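Presented below is the structure to which this report refers.
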Amino acid sequence: MKAVYRRRKVVNALMCAVVFLCAFLTLAPLISIFGYVVSKGIASVNFDFFTHLPKPVGEPGGGMGNAIVGSLILVGLSCLWAIPLGIAGGVYLSEFGNSKLGAAVRFTTDVLNGVPSIVIGIFAYTLFVVPMKSFSAVSGGFALGIIMIPTVMRTTEEMLRLVPATLREAAFALGINQFRTTMNIVLKTALPGVLTGILLAIARIAGETAPLLFTAFGNRFWHQGLDQPMAALPLQIFVYAISPFDDWHRQAWAGALVLIAMVFLISIVSRIVIYLRYRSFK
Amino acid sequence: MKLTLADRGFRRAATVLALSVVALTFLLACSMVVNAMPSIQKFGWRFLSTSTWDPVKEVFGALPFIYGTIVSSILALAIAVPVSLGIAIYLAELAPFWIRQPLSFLIELLAAIPSVVYGLWGIFVLAPFLRYAIQPFLSRHLGFLPLFQGAFYGVGMLTAGIILSIMIIPTISSVSREVFLAVPFAQREAALGLGATPWETIRLGVLGSARSGVLGAIMLGLGRALGETMAVTMVIGNRPQIAASLFAPAYTMASVIANEFTEATSDLYLSALIEIGLILFFVTLILNIAAQALIWKVSGKAGRGRGA
């Protein structure tokens with residue numbers, strides 16, 4: 001009998017240790033990636049990096065100014081159409097979505113969320129690049145926007161649902177119509193949550209490379225119009241990383257540092273806001 | 001309730017905008033099918049079972065890419081599933097309360113790292129580490145298996161599988177954790193009341209009921225691994241071959257699209273690449289639908305696809 005007890009205790013201790021190790025070993029790649037990006041990138045991040053064009057092979061220096069501006073423009077373009085559409089969709093799902101149609105919309109949004117980003121790139125290519133006969137910033141903004149929509153829609157829905165029903169009822173009791181109630185009261189109450197959802201979506205598309213390969217395509221110069229190919233930070237990192245030149249590898253690490261700093265900052269801020277908000281409603 | 005004109009207009013506008021997202025998704029599916037048609041008609045099922053990929057003679061068979069995608073994803077699951085379940089069990093059941101929030105936050109940060117940064121790290125840190133430390137070790141001790149034979153390149157199937165596993169751990173662990181938390185607390189108390197140890201409580205009281213939800217979490221992770229492009233393209237070596245060894249370079253469906261799409265000069269070539277995209281689209285679609293259904297069964301709410 002004693003042996004059985006001992007065996008159960010040993011198994012318990014062993015499994016608890018394994019599970020504990022799993023949790024903490026997973027932090028190793030995180031620390032390694034972060035450590036390498038910072039230590040290898042920091043030397044090349046300077047003022048020139050943000051303001052200069054890339055230099056040809058062999059010439060030291062130069063920067064990724066055009067790629068940083070290009071990324072900002074591409075993210076801006078996608079926000080321009082994806083945010084209004086996403087918020088409208090989220091409002092629909094939370095305010096009118098308790099129907100079969102609502103379930104269908106929710107389902108399709110989840111499907112869209114799971115589509116590989118390279119496939120979305122192909123879609124944007126056939127829809128924009130083929131008829132326009134040129135790679136363009138517009139097609140890149142379209143592809144990134146599609147990736148944004150599901151995130152914006154579902155966080156908007158969740159945040160609006162957190163707004164207490166009593167608030168809506170109070171507004172109706174005062175004779176305020178549903179449009180006004182939703183816009184000025186429900187949406188306004190949930191605004192910080194909705195904004196953090198948008199920030200999370202931006203953090204994700206800012207690092208997307210695959211859908212830009214054959215839409216925005218990349219460009220060695222400053223931006224030349226929205227119907228022309230446009231540089232983007234992740235694309236530039238990719239091109240430099242697979243090149244055989246040490247100078248370019250250094251630039252790739254610097255680009256990765258800038259990108260990761262941006263993405264982490266956005267997602268950390270938005271996660272903290274969401275956390276505080278969830279807590280205050282519970 | 002009688003609706004005013006403004007309310008009806010509002011409702012209609014919101015509905016139309018929401019439906020336009022549905023329309024967009026349908027358009028995506030249709031456009032993929034239409035553009036893949038020339039290749040589908042020319043090659044039929046042979047596309048999936050032959051391995052000649054010759055743009056000059058315009059003969060296309062996607063088998064090496066399908067093989068690369070499947071093997072790298074299975075490898076990723078083999079590593080990520082046990083680790084993710086460990087994380088989820090620790091975070092949901094065993095960890096002290098003060099550690100749960102910060103630790104799960106850190107693990108979810110892994111999902112926020114852009115794929116291209118994973119690739120960069122893979123080329124310059126992981127691949128050399130595998131080449132000079134792990135691969136010689138594996139070959140010395142497990143070299144009798146065909147899996148661990150051949151030259152050490154650093155880049156190859158093994159590297160791709162490991163990178164993919166790191167990338168899908170946040171997805172599988174966070175969804176599994178939610179599933180575990182949805183298992184009624186009374187079941188744990190019942191097991192504890194019968195004198196079970198903490199591990200037995202988890203095994204009997206939690207894992208059994210969570211099984212289908214965990215399966216859903218794994219499917220979400222698999223869907224993510226199949227479609228992952230940049231990191232894999234940068235470390236898998238991009239050679240269209242079917243080799244038994246995990247050390248050998250390979251090629252995946254997403255990588256071939258990424259590498260060759262802009263070079264595809266003829267319509268049939270482009271169509272063949274789009275057909276590969278179409279296959280990816282359908283497989284991830286089915287996986288995601290099945291995963292949502294399984295997770296729904298346990299936790300009553302849908303899990304999220306991409307961890308971000």
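Ligands are numbered from 1 in the order shown, chains are lettered A, B, ... in the order of the structure tokens, and residues start at 1 in each chain.
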Do me a favour and pick out the residues of chain B within 7 Å of chain A, using only C-alpha atoms, as a compact mmCIF listing (two decimals) with C-alpha atoms, in the first residue's frame.
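Contents of the output file selection_15.txt:
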# COMPACT_ATOMS: atom_id res chain seq x y z
CA ALA B 6 -33.59 57.26 -38.51
CA ASP B 7 -33.57 53.97 -36.62
CA PHE B 10 -29.33 53.02 -39.01
CA ALA B 14 -25.17 48.60 -40.15
CA THR B 15 -26.59 45.43 -41.70
CA LEU B 17 -21.87 47.13 -43.95
CA ALA B 18 -21.71 43.89 -41.95
CA LEU B 19 -22.93 41.94 -44.97
CA VAL B 22 -19.46 38.52 -45.83
CA THR B 25 -15.09 36.80 -48.04
CA LEU B 28 -12.13 36.11 -52.05
CA SER B 31 -11.64 34.87 -57.13
CA MET B 32 -9.28 32.14 -55.95
CA VAL B 83 4.56 22.15 -24.43
CA GLY B 86 1.94 21.99 -20.12
CA ILE B 87 1.70 25.77 -20.21
CA ILE B 89 -2.24 23.24 -17.31
CA TYR B 90 0.25 25.28 -15.31
CA ILE B 107 3.69 33.92 -23.70
CA LEU B 110 5.37 35.49 -28.70
CA ALA B 112 2.95 39.55 -31.38
CA ILE B 113 6.45 39.09 -32.83
CA PRO B 114 6.22 39.63 -36.60
CA VAL B 116 9.75 38.27 -40.56
CA VAL B 117 11.55 38.85 -37.25
CA LEU B 120 15.66 36.81 -39.19
CA TRP B 121 16.29 35.18 -35.82
CA THR B 197 -3.31 14.23 -5.94
CA PRO B 198 -3.25 17.57 -7.83
CA TRP B 199 -2.00 15.81 -10.98
CA GLY B 227 -0.43 29.12 -43.72
CA GLU B 228 2.67 30.61 -42.11
CA THR B 229 4.85 32.06 -44.83
CA MET B 230 7.76 34.36 -44.09
CA ALA B 254 3.19 29.11 -48.78
CA ALA B 258 6.02 33.85 -51.75
CA THR B 262 6.25 37.79 -58.87
CA GLY B 277 -3.09 29.13 -52.55
CA PHE B 281 -7.37 28.33 -48.29
CA THR B 284 -7.34 26.14 -43.33
CA LEU B 285 -11.04 26.91 -43.84
CA ASN B 288 -10.94 26.53 -38.61
CA GLY B 305 -7.75 32.00 -34.93
CA ARG B 306 -4.48 33.79 -34.83
CA ALA B 308 -2.60 38.11 -32.02
(request) Going by DSSP on the backbone, which bits of segment 141-179 of chain A are alpha helix (DSSP H)? Write them as an MDAnalysis selection string, please. (result) chainID A and resid 141:162 165:173 178:179
Saved selection, atoms kept: N, CA and C atoms, as a tab-separated table (two decimals), in the first residue's frame:
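Saved as again.tsv:
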chain	number	residue	atom	x	y	z
A	141	GLY	N	-2.54	48.34	-49.11
A	141	GLY	CA	-3.47	48.82	-48.08
A	141	GLY	C	-4.74	47.99	-48.05
A	142	PHE	N	-5.18	47.55	-49.24
A	142	PHE	CA	-6.38	46.71	-49.31
A	142	PHE	C	-6.13	45.37	-48.61
A	143	ALA	N	-4.98	44.76	-48.93
A	143	ALA	CA	-4.67	43.44	-48.34
A	143	ALA	C	-4.57	43.54	-46.81
A	144	LEU	N	-3.83	44.56	-46.32
A	144	LEU	CA	-3.68	44.70	-44.87
A	144	LEU	C	-5.03	44.99	-44.21
A	145	GLY	N	-5.87	45.76	-44.90
A	145	GLY	CA	-7.20	46.09	-44.35
A	145	GLY	C	-8.03	44.84	-44.12
A	146	ILE	N	-8.00	43.90	-45.08
A	146	ILE	CA	-8.77	42.66	-44.92
A	146	ILE	C	-8.32	41.92	-43.65
A	147	ILE	N	-7.01	41.97	-43.39
A	147	ILE	CA	-6.51	41.27	-42.21
A	147	ILE	C	-6.98	41.96	-40.93
A	148	MET	N	-7.15	43.29	-41.01
A	148	MET	CA	-7.58	44.06	-39.83
A	148	MET	C	-9.04	43.81	-39.46
A	149	ILE	N	-9.90	43.71	-40.48
A	149	ILE	CA	-11.35	43.75	-40.25
A	149	ILE	C	-11.84	42.78	-39.17
A	150	PRO	N	-11.48	41.47	-39.25
A	150	PRO	CA	-12.04	40.56	-38.24
A	150	PRO	C	-11.69	40.98	-36.81
A	151	THR	N	-10.44	41.39	-36.59
A	151	THR	CA	-10.04	41.79	-35.23
A	151	THR	C	-10.85	42.99	-34.76
A	152	VAL	N	-10.93	44.02	-35.61
A	152	VAL	CA	-11.68	45.22	-35.22
A	152	VAL	C	-13.14	44.88	-34.94
A	153	MET	N	-13.73	44.08	-35.84
A	153	MET	CA	-15.15	43.76	-35.70
A	153	MET	C	-15.44	43.02	-34.41
A	154	ARG	N	-14.65	41.97	-34.13
A	154	ARG	CA	-14.96	41.16	-32.96
A	154	ARG	C	-14.63	41.88	-31.66
A	155	THR	N	-13.56	42.68	-31.60
A	155	THR	CA	-13.32	43.41	-30.35
A	155	THR	C	-14.38	44.48	-30.15
A	156	THR	N	-14.78	45.16	-31.24
A	156	THR	CA	-15.85	46.16	-31.10
A	156	THR	C	-17.10	45.49	-30.53
A	157	GLU	N	-17.45	44.34	-31.10
A	157	GLU	CA	-18.64	43.64	-30.60
A	157	GLU	C	-18.51	43.33	-29.11
A	158	GLU	N	-17.36	42.74	-28.74
A	158	GLU	CA	-17.18	42.37	-27.33
A	158	GLU	C	-17.25	43.58	-26.42
A	159	MET	N	-16.62	44.66	-26.82
A	159	MET	CA	-16.59	45.86	-25.98
A	159	MET	C	-17.99	46.47	-25.85
A	160	LEU	N	-18.76	46.48	-26.95
A	160	LEU	CA	-20.11	47.03	-26.88
A	160	LEU	C	-21.01	46.16	-26.00
A	161	ARG	N	-20.77	44.86	-26.04
A	161	ARG	CA	-21.58	43.97	-25.20
A	161	ARG	C	-21.30	44.17	-23.72
A	162	LEU	N	-20.11	44.68	-23.41
A	162	LEU	CA	-19.78	44.92	-22.00
A	162	LEU	C	-20.54	46.12	-21.44
A	165	ALA	N	-26.79	46.85	-20.18
A	165	ALA	CA	-28.05	47.06	-20.89
A	165	ALA	C	-28.85	48.18	-20.25
A	166	THR	N	-28.66	48.37	-18.94
A	166	THR	CA	-29.42	49.43	-18.25
A	166	THR	C	-29.14	50.80	-18.85
A	167	LEU	N	-27.90	50.97	-19.34
A	167	LEU	CA	-27.54	52.26	-19.94
A	167	LEU	C	-28.38	52.51	-21.20
A	168	ARG	N	-28.53	51.43	-22.01
A	168	ARG	CA	-29.34	51.56	-23.23
A	168	ARG	C	-30.80	51.83	-22.84
A	169	GLU	N	-31.29	51.08	-21.84
A	169	GLU	CA	-32.69	51.23	-21.44
A	169	GLU	C	-32.95	52.63	-20.92
A	170	ALA	N	-31.99	53.17	-20.15
A	170	ALA	CA	-32.15	54.53	-19.63
A	170	ALA	C	-32.27	55.51	-20.78
A	171	ALA	N	-31.45	55.32	-21.81
A	171	ALA	CA	-31.49	56.22	-22.96
A	171	ALA	C	-32.82	56.11	-23.68
A	172	PHE	N	-33.31	54.85	-23.89
A	172	PHE	CA	-34.60	54.67	-24.56
A	172	PHE	C	-35.71	55.31	-23.75
A	173	ALA	N	-35.63	55.17	-22.42
A	173	ALA	CA	-36.67	55.71	-21.55
A	173	ALA	C	-36.74	57.23	-21.68
A	178	GLN	N	-32.53	54.89	-31.31
A	178	GLN	CA	-31.48	53.89	-31.20
A	178	GLN	C	-30.17	54.35	-31.82
A	179	PHE	N	-30.27	55.09	-32.92
A	179	PHE	CA	-29.07	55.57	-33.59
A	179	PHE	C	-28.25	56.43	-32.64
Shortest contact to Asn259 of chain B, candidates B:Ser245, B:Ser271, B:Asn238, B:Ser115, atoms counted only C-alpha atoms, goes to B:Asn238
Top pick for closest residue to Thr171 of chain B, considering B:Leu109, B:Val71, B:Ala231, B:Ala264 and counting only C-alpha atoms
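Of B:Leu109, B:Val71, B:Ala231, B:Ala264, the one nearest Thr171 of chain B, counting only C-alpha atoms, is B:Leu109.
Picture a line from atom CA of Ala67 of chain A to atom CA of Phe50 of chain A; it runs 9.0 Å.
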>> When DSSP is applied to the backbone of this structure, which of segment 15-202 of chain B are assigned strand (DSSP E or B)? Write them out as a list in words.
In response: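 Matching residues, listed in order: Trp53, Asp54, Val59 and Phe60 of chain B.
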task: Write out as a list in words which residues come within 12 Å of Asn46 of chain A when counting only C-alpha atoms, dropping same-chain ones fewer than 6 positions away.
output: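 Close residues of Asn46 of chain A: His52, Gly61, Gly62, Gly63, Met64, Gly65, Gln251, Ala254, Gly255, Leu257 and Val258 of chain A.
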Using only N, CA and C atoms, please write the residues we just selected to a file, as a tab-separated table (two decimals), in the first residue's frame.
chain	number	residue	atom	x	y	z
A	52	HIS	N	17.25	58.50	-43.90
A	52	HIS	CA	17.94	58.30	-45.18
A	52	HIS	C	17.38	57.13	-45.97
A	61	GLY	N	26.37	52.81	-44.02
A	61	GLY	CA	25.42	53.86	-43.65
A	61	GLY	C	24.12	53.68	-44.40
A	62	GLY	N	23.41	54.79	-44.56
A	62	GLY	CA	22.10	54.70	-45.18
A	62	GLY	C	21.07	54.29	-44.16
A	63	GLY	N	19.81	54.33	-44.56
A	63	GLY	CA	18.77	54.03	-43.58
A	63	GLY	C	17.58	53.37	-44.23
A	64	MET	N	16.49	53.36	-43.49
A	64	MET	CA	15.26	52.76	-43.99
A	64	MET	C	14.14	53.78	-43.94
A	65	GLY	N	14.50	55.05	-44.04
A	65	GLY	CA	13.48	56.12	-43.94
A	65	GLY	C	12.29	55.87	-44.85
A	251	GLN	N	21.56	46.17	-41.13
A	251	GLN	CA	20.37	47.00	-41.33
A	251	GLN	C	19.10	46.21	-41.03
A	254	ALA	N	18.56	46.18	-37.37
A	254	ALA	CA	18.09	47.49	-36.92
A	254	ALA	C	16.61	47.68	-37.26
A	255	GLY	N	16.24	47.26	-38.48
A	255	GLY	CA	14.84	47.35	-38.88
A	255	GLY	C	13.96	46.51	-37.97
A	257	LEU	N	14.53	45.76	-34.92
A	257	LEU	CA	14.42	46.41	-33.61
A	257	LEU	C	13.33	47.49	-33.64
A	258	VAL	N	13.36	48.32	-34.70
A	258	VAL	CA	12.35	49.38	-34.81
A	258	VAL	C	10.95	48.76	-34.89
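Counting from atom CA of Gly161 of chain B, the distance to atom CA of Gln135 of chain B is 13.7 Å.
For the atom pair formed by atom CA of Arg250 of chain A and atom CA of Val235 of chain B, the distance is 18.3 Å, given to one decimal.
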